[in-house]
$ cat entry-v4.cif   # mmCIF, C-alpha atoms
data_my_file
#
loop_
_atom_site.label_atom_id
_atom_site.label_comp_id
_atom_site.auth_asym_id
_atom_site.auth_seq_id
_atom_site.Cartn_x
_atom_site.Cartn_y
_atom_site.Cartn_z
CA MET E 1 -39.57 -6.49 16.73
CA ASN E 2 -38.94 -5.57 20.39
CA LYS E 3 -37.06 -2.50 21.63
CA GLU E 4 -35.30 -1.96 24.94
CA LYS E 5 -32.76 0.37 26.51
CA ILE E 6 -29.38 -1.16 27.32
CA LEU E 7 -26.58 1.03 28.74
CA GLY E 8 -28.43 4.08 27.41
CA TYR E 9 -28.69 2.72 23.84
CA GLU E 10 -31.88 1.67 22.09
CA VAL E 11 -31.54 -1.99 21.12
CA HIS E 12 -33.84 -3.67 18.58
CA ARG E 13 -34.45 -7.40 18.97
CA LYS E 14 -35.08 -8.85 15.53
CA LYS E 15 -34.88 -12.07 13.55
CA VAL E 16 -31.20 -11.64 12.76
CA LYS E 17 -28.21 -13.91 13.28
CA ASN E 18 -25.66 -11.34 14.44
CA ILE E 19 -25.34 -8.10 16.36
CA ASN E 20 -25.40 -5.13 14.00
CA LEU E 21 -24.23 -1.67 14.96
CA ARG E 22 -24.76 1.29 12.65
CA ILE E 23 -24.35 5.05 12.87
CA LYS E 24 -27.18 6.77 11.02
CA PRO E 25 -26.78 10.09 9.15
CA ASN E 26 -28.64 11.90 11.94
CA MET E 27 -26.02 10.52 14.39
CA GLU E 28 -28.53 8.04 15.84
CA ILE E 29 -26.92 4.80 17.00
CA TYR E 30 -28.83 1.77 15.72
CA ILE E 31 -28.23 -1.65 17.29
CA SER E 32 -30.08 -4.79 16.27
CA VAL E 33 -29.58 -8.15 17.99
CA PRO E 34 -30.98 -11.70 17.79
CA MET E 35 -34.31 -12.10 19.55
CA ASN E 36 -33.12 -14.28 22.43
CA LEU E 37 -29.57 -13.04 22.91
CA HIS E 38 -28.70 -12.65 26.61
CA ARG E 39 -28.56 -9.08 27.92
CA ASP E 40 -25.09 -9.59 29.43
CA TYR E 41 -23.69 -10.47 26.03
CA ILE E 42 -25.22 -7.33 24.52
CA GLU E 43 -23.82 -5.15 27.32
CA ASN E 44 -20.33 -6.57 26.80
CA PHE E 45 -20.58 -5.90 23.08
CA ILE E 46 -21.67 -2.29 23.60
CA ARG E 47 -18.86 -1.63 26.11
CA SER E 48 -16.33 -3.03 23.64
CA LYS E 49 -17.56 -0.64 20.94
CA GLU E 50 -18.00 2.58 22.94
CA GLU E 51 -14.64 4.07 21.96
CA TRP E 52 -15.38 3.30 18.32
CA ILE E 53 -18.79 4.96 18.62
CA LYS E 54 -17.23 8.09 20.12
CA SER E 55 -14.63 8.31 17.36
CA VAL E 56 -17.25 7.87 14.62
CA LEU E 57 -19.53 10.52 16.10
CA LYS E 58 -16.57 12.90 16.20
CA LYS E 59 -15.91 12.24 12.51
CA VAL E 60 -19.57 12.83 11.68
CA GLU E 61 -19.48 16.18 13.50
CA ASP E 62 -16.32 17.16 11.63
CA VAL E 63 -17.88 16.29 8.27
CA LYS E 64 -21.02 18.27 9.11
CA GLU E 65 -18.91 21.31 9.90
CA LYS E 66 -17.07 20.98 6.60
CA GLN E 67 -20.33 20.65 4.68
CA LYS E 68 -21.72 23.75 6.35
CA GLY E 69 -18.71 25.69 5.15
CA ILE E 70 -19.18 25.01 1.43
CA GLU E 71 -19.93 28.35 -0.24
CA TYR E 72 -18.70 27.67 -3.80
CA LYS E 73 -16.14 30.44 -3.65
CA ASN E 74 -12.56 30.86 -4.83
CA GLY E 75 -10.02 28.65 -3.11
CA GLU E 76 -12.35 25.88 -1.96
CA ILE E 77 -11.33 22.29 -2.60
CA HIS E 78 -13.74 20.14 -4.60
CA LYS E 79 -13.20 16.55 -5.72
CA PHE E 80 -13.68 14.82 -9.06
CA LEU E 81 -12.62 11.27 -9.93
CA GLY E 82 -10.43 11.03 -6.86
CA LYS E 83 -8.52 14.26 -7.46
CA GLU E 84 -8.73 17.51 -5.53
CA TYR E 85 -9.35 20.71 -7.46
CA ASN E 86 -8.98 24.33 -6.43
CA LEU E 87 -12.20 26.12 -7.26
CA ILE E 88 -12.22 29.33 -9.28
CA VAL E 89 -15.56 31.10 -9.63
CA ARG E 90 -16.08 33.63 -12.39
CA THR E 91 -18.92 35.31 -14.25
CA GLY E 92 -19.89 34.58 -17.84
CA ASN E 93 -22.82 34.38 -20.20
CA PHE E 94 -23.52 30.73 -19.31
CA ASN E 95 -23.58 28.40 -16.31
CA GLY E 96 -21.13 25.53 -16.34
CA VAL E 97 -18.05 23.80 -14.97
CA SER E 98 -14.73 23.04 -16.62
CA LEU E 99 -11.44 21.52 -15.49
CA LYS E 100 -7.88 22.61 -16.02
CA ASN E 101 -5.02 20.27 -15.18
CA ASP E 102 -1.37 21.16 -15.34
CA ALA E 103 1.88 20.24 -13.63
CA LYS E 104 1.38 22.79 -10.86
CA SER E 105 -2.26 22.32 -9.86
CA ASN E 106 -5.71 21.04 -10.71
CA VAL E 107 -8.31 23.76 -11.17
CA MET E 108 -12.10 23.52 -11.34
CA ILE E 109 -13.67 26.58 -12.96
CA LEU E 110 -17.28 27.38 -12.07
CA THR E 111 -18.73 29.90 -14.51
CA VAL E 112 -22.08 31.47 -13.64
CA ASN E 113 -24.24 34.34 -14.79
CA GLU E 114 -23.59 37.53 -12.87
CA ASN E 115 -27.06 37.52 -11.34
CA ILE E 116 -26.35 34.29 -9.38
CA PHE E 117 -22.69 34.95 -8.55
CA GLU E 118 -23.50 35.56 -4.88
CA ASN E 119 -26.23 32.91 -4.65
CA ILE E 120 -24.82 29.77 -2.98
CA ASP E 121 -27.89 27.62 -3.73
CA GLU E 122 -27.85 28.46 -7.43
CA LYS E 123 -24.12 27.82 -7.73
CA LYS E 124 -24.65 24.50 -5.96
CA LYS E 125 -27.28 23.55 -8.56
CA VAL E 126 -24.85 24.27 -11.39
CA MET E 127 -22.17 22.12 -9.75
CA GLU E 128 -24.55 19.27 -8.98
CA LYS E 129 -25.87 19.25 -12.55
CA TRP E 130 -22.31 18.99 -13.86
CA TYR E 131 -21.47 16.19 -11.45
CA PHE E 132 -24.64 14.30 -12.43
CA GLU E 133 -23.98 14.61 -16.17
CA ASN E 134 -20.45 13.24 -15.72
CA ALA E 135 -21.67 10.50 -13.40
CA LYS E 136 -24.34 9.38 -15.85
CA LYS E 137 -21.87 9.18 -18.74
CA LEU E 138 -19.12 7.36 -16.84
CA PHE E 139 -21.25 5.08 -14.65
CA LEU E 140 -23.25 3.73 -17.58
CA LYS E 141 -20.02 3.07 -19.46
CA PHE E 142 -18.66 1.08 -16.50
CA VAL E 143 -21.95 -0.77 -16.00
CA GLU E 144 -21.95 -1.87 -19.64
CA LYS E 145 -18.34 -2.99 -19.30
CA TRP E 146 -19.04 -5.15 -16.26
CA LEU E 147 -22.32 -6.55 -17.57
CA GLU E 148 -20.40 -7.85 -20.59
CA ILE E 149 -17.61 -9.29 -18.42
CA LEU E 150 -20.06 -11.00 -16.05
CA ASP E 151 -22.48 -12.00 -18.82
CA GLU E 152 -25.34 -10.40 -16.88
CA HIS E 153 -28.10 -7.96 -17.67
CA VAL E 154 -30.13 -5.44 -15.70
CA GLU E 155 -33.51 -3.90 -16.35
CA LYS E 156 -32.72 -0.46 -14.95
CA VAL E 157 -29.78 1.66 -13.78
CA ALA E 158 -30.64 4.73 -11.70
CA ILE E 159 -28.07 7.40 -10.85
CA LYS E 160 -29.20 9.67 -8.04
CA PRO E 161 -28.22 11.20 -4.67
CA MET E 162 -28.33 8.60 -1.91
CA LYS E 163 -27.98 9.47 1.76
CA THR E 164 -26.74 6.22 3.24
CA ARG E 165 -25.36 4.05 0.44
CA TRP E 166 -22.91 4.21 -2.45
CA GLY E 167 -25.09 1.82 -4.39
CA SER E 168 -27.84 -0.77 -4.09
CA CYS E 169 -29.24 -3.70 -6.05
CA ASN E 170 -32.73 -5.13 -6.30
CA TYR E 171 -31.74 -8.60 -7.49
CA VAL E 172 -35.37 -9.63 -8.05
CA LYS E 173 -36.25 -6.74 -10.37
CA LYS E 174 -32.63 -6.45 -11.58
CA TYR E 175 -32.46 -2.75 -10.71
CA ILE E 176 -29.15 -1.07 -9.89
CA ASN E 177 -28.90 2.27 -8.06
CA LEU E 178 -25.68 4.29 -7.94
CA ASN E 179 -24.96 7.35 -5.84
CA THR E 180 -24.07 10.48 -7.80
CA GLU E 181 -21.44 11.26 -5.14
CA LEU E 182 -19.38 8.34 -6.45
CA ILE E 183 -18.17 10.61 -9.26
CA LYS E 184 -15.87 12.20 -6.68
CA ARG E 185 -14.11 8.89 -6.04
CA THR E 186 -11.42 7.25 -8.17
CA PRO E 187 -12.45 5.20 -11.25
CA PHE E 188 -11.18 2.08 -9.45
CA GLU E 189 -13.50 2.72 -6.50
CA ILE E 190 -16.42 3.46 -8.83
CA GLU E 191 -15.88 0.22 -10.69
CA TYR E 192 -15.66 -1.69 -7.42
CA VAL E 193 -19.05 -0.37 -6.27
CA ILE E 194 -20.56 -1.30 -9.64
CA LEU E 195 -19.07 -4.80 -9.50
CA HIS E 196 -20.21 -5.08 -5.88
CA GLU E 197 -23.82 -4.29 -6.78
CA LEU E 198 -23.87 -6.45 -9.91
CA THR E 199 -22.53 -9.37 -7.88
CA HIS E 200 -25.72 -9.18 -5.81
CA LEU E 201 -27.57 -10.46 -8.88
CA LYS E 202 -25.97 -13.84 -8.13
CA TYR E 203 -25.33 -13.49 -4.40
CA PRO E 204 -27.95 -11.39 -2.54
CA ASN E 205 -25.99 -11.52 0.73
CA HIS E 206 -22.37 -10.74 1.65
CA GLY E 207 -21.31 -14.33 2.17
CA LYS E 208 -18.10 -16.12 1.25
CA GLY E 209 -19.39 -16.87 -2.24
CA PHE E 210 -20.10 -13.19 -2.81
CA TYR E 211 -16.52 -12.10 -2.12
CA ASN E 212 -14.97 -15.08 -3.89
CA TYR E 213 -16.90 -14.07 -6.98
CA ILE E 214 -15.72 -10.46 -6.74
CA GLU E 215 -12.11 -11.55 -6.18
CA ARG E 216 -12.25 -13.66 -9.34
CA TYR E 217 -12.83 -10.54 -11.41
CA MET E 218 -11.07 -7.94 -9.24
CA PRO E 219 -8.22 -9.58 -7.28
CA ASN E 220 -7.29 -6.31 -5.53
CA TYR E 221 -10.87 -5.52 -4.52
CA LYS E 222 -9.95 -5.36 -0.81
CA VAL E 223 -8.24 -2.01 -1.39
CA ALA E 224 -11.56 -0.52 -2.48
CA GLU E 225 -13.57 -2.56 0.01
CA LYS E 226 -11.65 -1.00 2.89
CA TRP E 227 -12.72 2.45 1.69
CA TYR E 228 -16.24 1.22 0.95
CA LEU E 229 -16.74 0.05 4.54
CA LYS E 230 -14.85 2.79 6.34
CA SER E 231 -15.71 5.84 4.29
CA GLU E 232 -15.74 8.95 6.44
CA LYS E 233 -18.40 10.58 4.34
CA LEU E 234 -21.47 11.48 6.36
CA GLY E 235 -24.10 8.79 6.14
CA PHE E 236 -21.75 6.02 5.06
CA LEU E 237 -20.41 5.01 8.44
CA GLU E 238 -21.37 1.47 9.24
CA ALA E 239 -19.94 -1.44 11.17
CA LYS E 240 -21.29 -4.94 11.57
CA TYR E 241 -20.33 -7.41 14.26
CA ASN E 242 -20.35 -11.06 13.25
#

$ encode --input "entry-v4.cif" --output "structure tokens"
Amino acid sequence: MNKEKILGYEVHRKKVKNINLRIKPNMEIYISVPMNLHRDYIENFIRSKEEWIKSVLKKVEDVKEKQKGIEYKNGEIHKFLGKEYNLIVRTGNFNGVSLKNDAKSNVMILTVNENIFENIDEKKKVMEKWYFENAKKLFLKFVEKWLEILDEHVEKVAIKPMKTRWGSCNYVKKYINLNTELIKRTPFEIEYVILHELTHLKYPNHGKGFYNYIERYMPNYKVAEKWYLKSEKLGFLEAKYN
């Protein structure tokens, strides 16, 4: 792999067929291009994408600012299964999270022991544990559903925090990884990501056959795919040029 600077950007020449442009979680701009692609063509591509790059970097900065501001205190908005909840924090003799839905509002109640009431890191751990437990229960249910529909099987399903992906599939080992953060999305979006990853068992790449297969089982998949590709969550910003 060869690297060179073009218009101030680091460009990686690799054995790839297309130009790929990606914004990394640390705001680094990654560009890979075919080994022998002419420099003029690369420069024209970069110029055509500069406004997009600027807008994405602005979004990343905005998301970082929002993430810095999370203190797990009354009035904050937290998401679960695609809905927004107003957070209420109170003390109790246990640590846990519960939901209250009514016609007026959705409320997420974070109950913690008095000794950690002011400790942001400890409150975060309680919330993350609750999210993980719900993700594990729901994701495995959806995986089983789609394995039966597709007549497939996997050797392992891992649910864990992932910095740059909603999910991944090792089609050789038949391992599926799902991001815990998905529990904040709608059930439809969660199922799309699961179907997306399971489809890689048959189609390792994102070719025409891959999407035809998905469409056979989820005709409205493009609604979720649009979110999947353009999610504004930090670390999930990616664009590919074909």

$ atom_distance --input "entry-v4.cif" --atom1 "atom CA of Ile194 of chain E" --atom2 "atom CA of Val143 of chain E"
6.5 Å

$ atom_distance --input "entry-v4.cif" --atom1 "atom CA of Trp146 of chain E" --atom2 "atom CA of Gly207 of chain E"
20.7 Å

$ residues_around --input "entry-v4.cif" --residues "Glu71 of chain E" --least-positions-apart "6" --cutoff "10 Å" --atoms "only C-alpha atoms" --output "MDAnalysis selection string"
chainID E and resid 118:121 123:124

$ residues_around --input "entry-v4.cif" --residues "Leu138 of chain E" --least-positions-apart "3" --cutoff "10 Å" --atoms "only C-alpha atoms" --output "list in words"
Phe132, Glu133, Asn134, Ala135, Lys141, Phe142, Val143, Ile183, Pro187, Ile190 and Glu191 of chain E

$ write_last_selection --input "entry-v4.cif" --atoms "C-alpha atoms" --output "JSON list (two decimals), in the frame of the given file"
[["chain", "number", "residue", "atom", "x", "y", "z"],
["E", 132, "PHE", "CA", -24.64, 14.30, -12.43],
["E", 133, "GLU", "CA", -23.98, 14.61, -16.17],
["E", 134, "ASN", "CA", -20.45, 13.24, -15.72],
["E", 135, "ALA", "CA", -21.67, 10.50, -13.40],
["E", 141, "LYS", "CA", -20.02, 3.07, -19.46],
["E", 142, "PHE", "CA", -18.66, 1.08, -16.50],
["E", 143, "VAL", "CA", -21.95, -0.77, -16.00],
["E", 183, "ILE", "CA", -18.17, 10.61, -9.26],
["E", 187, "PRO", "CA", -12.45, 5.20, -11.25],
["E", 190, "ILE", "CA", -16.42, 3.46, -8.83],
["E", 191, "GLU", "CA", -15.88, 0.22, -10.69]]

$ closest_residue --input "entry-v4.cif" --among "E:Asn93, E:Val60, E:Arg185, E:Gly209" --to "Asn115 of chain E" --atoms "all atoms listed in the file"
E:Asn93

$ closest_residue --input "entry-v4.cif" --among "E:Lys184, E:Asp102, E:Met162, E:Leu195" --to "Phe80 of chain E" --atoms "all atoms listed in the file"
E:Lys184

$ atom_distance --input "entry-v4.cif" --atom1 "atom CA of Ile29 of chain E" --atom2 "atom CA of Ile42 of chain E"
14.4 Å

$ closest_atom_pairs --input "entry-v4.cif" --of "segment 33-113 of chain E" --to "segment 20-27 of chain E" --cutoff "12 Å" --atoms "all atoms listed in the file" --output "CSV"
residue,atom,partner,partner_atom,distance
E:Val33,CA,E:Asn20,CA,6.5
E:Pro34,CA,E:Asn20,CA,9.4
E:Ile42,CA,E:Asn20,CA,10.7
E:Phe45,CA,E:Leu21,CA,9.9
E:Ile46,CA,E:Leu21,CA,9.0
E:Ser48,CA,E:Leu21,CA,11.8
E:Lys49,CA,E:Leu21,CA,9.0
E:Glu50,CA,E:Leu21,CA,11.0
E:Trp52,CA,E:Ile23,CA,10.6
E:Ile53,CA,E:Ile23,CA,8.0
E:Lys54,CA,E:Ile23,CA,10.6
E:Ser55,CA,E:Ile23,CA,11.2
E:Val56,CA,E:Ile23,CA,7.8
E:Leu57,CA,E:Met27,CA,6.7
E:Lys58,CA,E:Met27,CA,9.9
E:Lys59,CA,E:Met27,CA,10.4
E:Val60,CA,E:Met27,CA,7.4
E:Glu61,CA,E:Met27,CA,8.7
E:Val63,CA,E:Pro25,CA,10.9
E:Lys64,CA,E:Pro25,CA,10.0

$ closest_residue --input "entry-v4.cif" --among "E:Tyr192, E:Met127, E:Lys145, E:His200" --to "Ser168 of chain E" --atoms "only C-alpha atoms"
E:His200

$ closest_residue --input "entry-v4.cif" --among "E:Lys104, E:Tyr228, E:Val11, E:Asp151" --to "Thr164 of chain E" --atoms "only C-alpha atoms"
E:Tyr228

$ closest_residue --input "entry-v4.cif" --among "E:Lys5, E:Lys15, E:His153, E:His38" --to "Lys202 of chain E" --atoms "all atoms listed in the file"
E:His153

$ residues_around --input "entry-v4.cif" --residues "Lys156 of chain E" --least-positions-apart "5" --cutoff "12 Å" --atoms "all atoms listed in the file" --output "PyMOL selection string"
chain E and resi 140+143-144+168-178+198

$ write_last_selection --input "entry-v4.cif" --atoms "C-alpha atoms" --output "CSV table (one decimal), in the frame of the given file"
chain,number,residue,atom,x,y,z
E,140,LEU,CA,-23.2,3.7,-17.6
E,143,VAL,CA,-22.0,-0.8,-16.0
E,144,GLU,CA,-22.0,-1.9,-19.6
E,168,SER,CA,-27.8,-0.8,-4.1
E,169,CYS,CA,-29.2,-3.7,-6.0
E,170,ASN,CA,-32.7,-5.1,-6.3
E,171,TYR,CA,-31.7,-8.6,-7.5
E,172,VAL,CA,-35.4,-9.6,-8.0
E,173,LYS,CA,-36.2,-6.7,-10.4
E,174,LYS,CA,-32.6,-6.4,-11.6
E,175,TYR,CA,-32.5,-2.8,-10.7
E,176,ILE,CA,-29.2,-1.1,-9.9
E,177,ASN,CA,-28.9,2.3,-8.1
E,178,LEU,CA,-25.7,4.3,-7.9
E,198,LEU,CA,-23.9,-6.4,-9.9

$ closest_residue --input "entry-v4.cif" --among "E:Glu43, E:Glu4, E:Glu181, E:Glu197" --to "Ile19 of chain E" --atoms "all atoms listed in the file"
E:Glu43

$ residues_around --input "entry-v4.cif" --residues "segment 96-100 of chain E" --least-positions-apart "6" --cutoff "8 Å" --atoms "only C-alpha atoms" --output "ChimeraX atom specification"
/E:106-112,126-127,130

$ resolve_selection --input "entry-v4.cif" --expression "the PyMOL selection byres ((chain E and resi 87) around 8)" --output "short mmCIF file (atom, residue, chain, number, x, y, z; two decimals) with C-alpha atoms, in the coordinates of the input"
data_model
loop_
_atom_site.label_atom_id
_atom_site.label_comp_id
_atom_site.auth_asym_id
_atom_site.auth_seq_id
_atom_site.Cartn_x
_atom_site.Cartn_y
_atom_site.Cartn_z
CA TYR E 72 -18.70 27.67 -3.80
CA LYS E 73 -16.14 30.44 -3.65
CA ASN E 74 -12.56 30.86 -4.83
CA GLY E 75 -10.02 28.65 -3.11
CA GLU E 76 -12.35 25.88 -1.96
CA ILE E 77 -11.33 22.29 -2.60
CA HIS E 78 -13.74 20.14 -4.60
CA TYR E 85 -9.35 20.71 -7.46
CA ASN E 86 -8.98 24.33 -6.43
CA ILE E 88 -12.22 29.33 -9.28
CA VAL E 89 -15.56 31.10 -9.63
CA VAL E 107 -8.31 23.76 -11.17
CA MET E 108 -12.10 23.52 -11.34
CA ILE E 109 -13.67 26.58 -12.96
CA LEU E 110 -17.28 27.38 -12.07
#
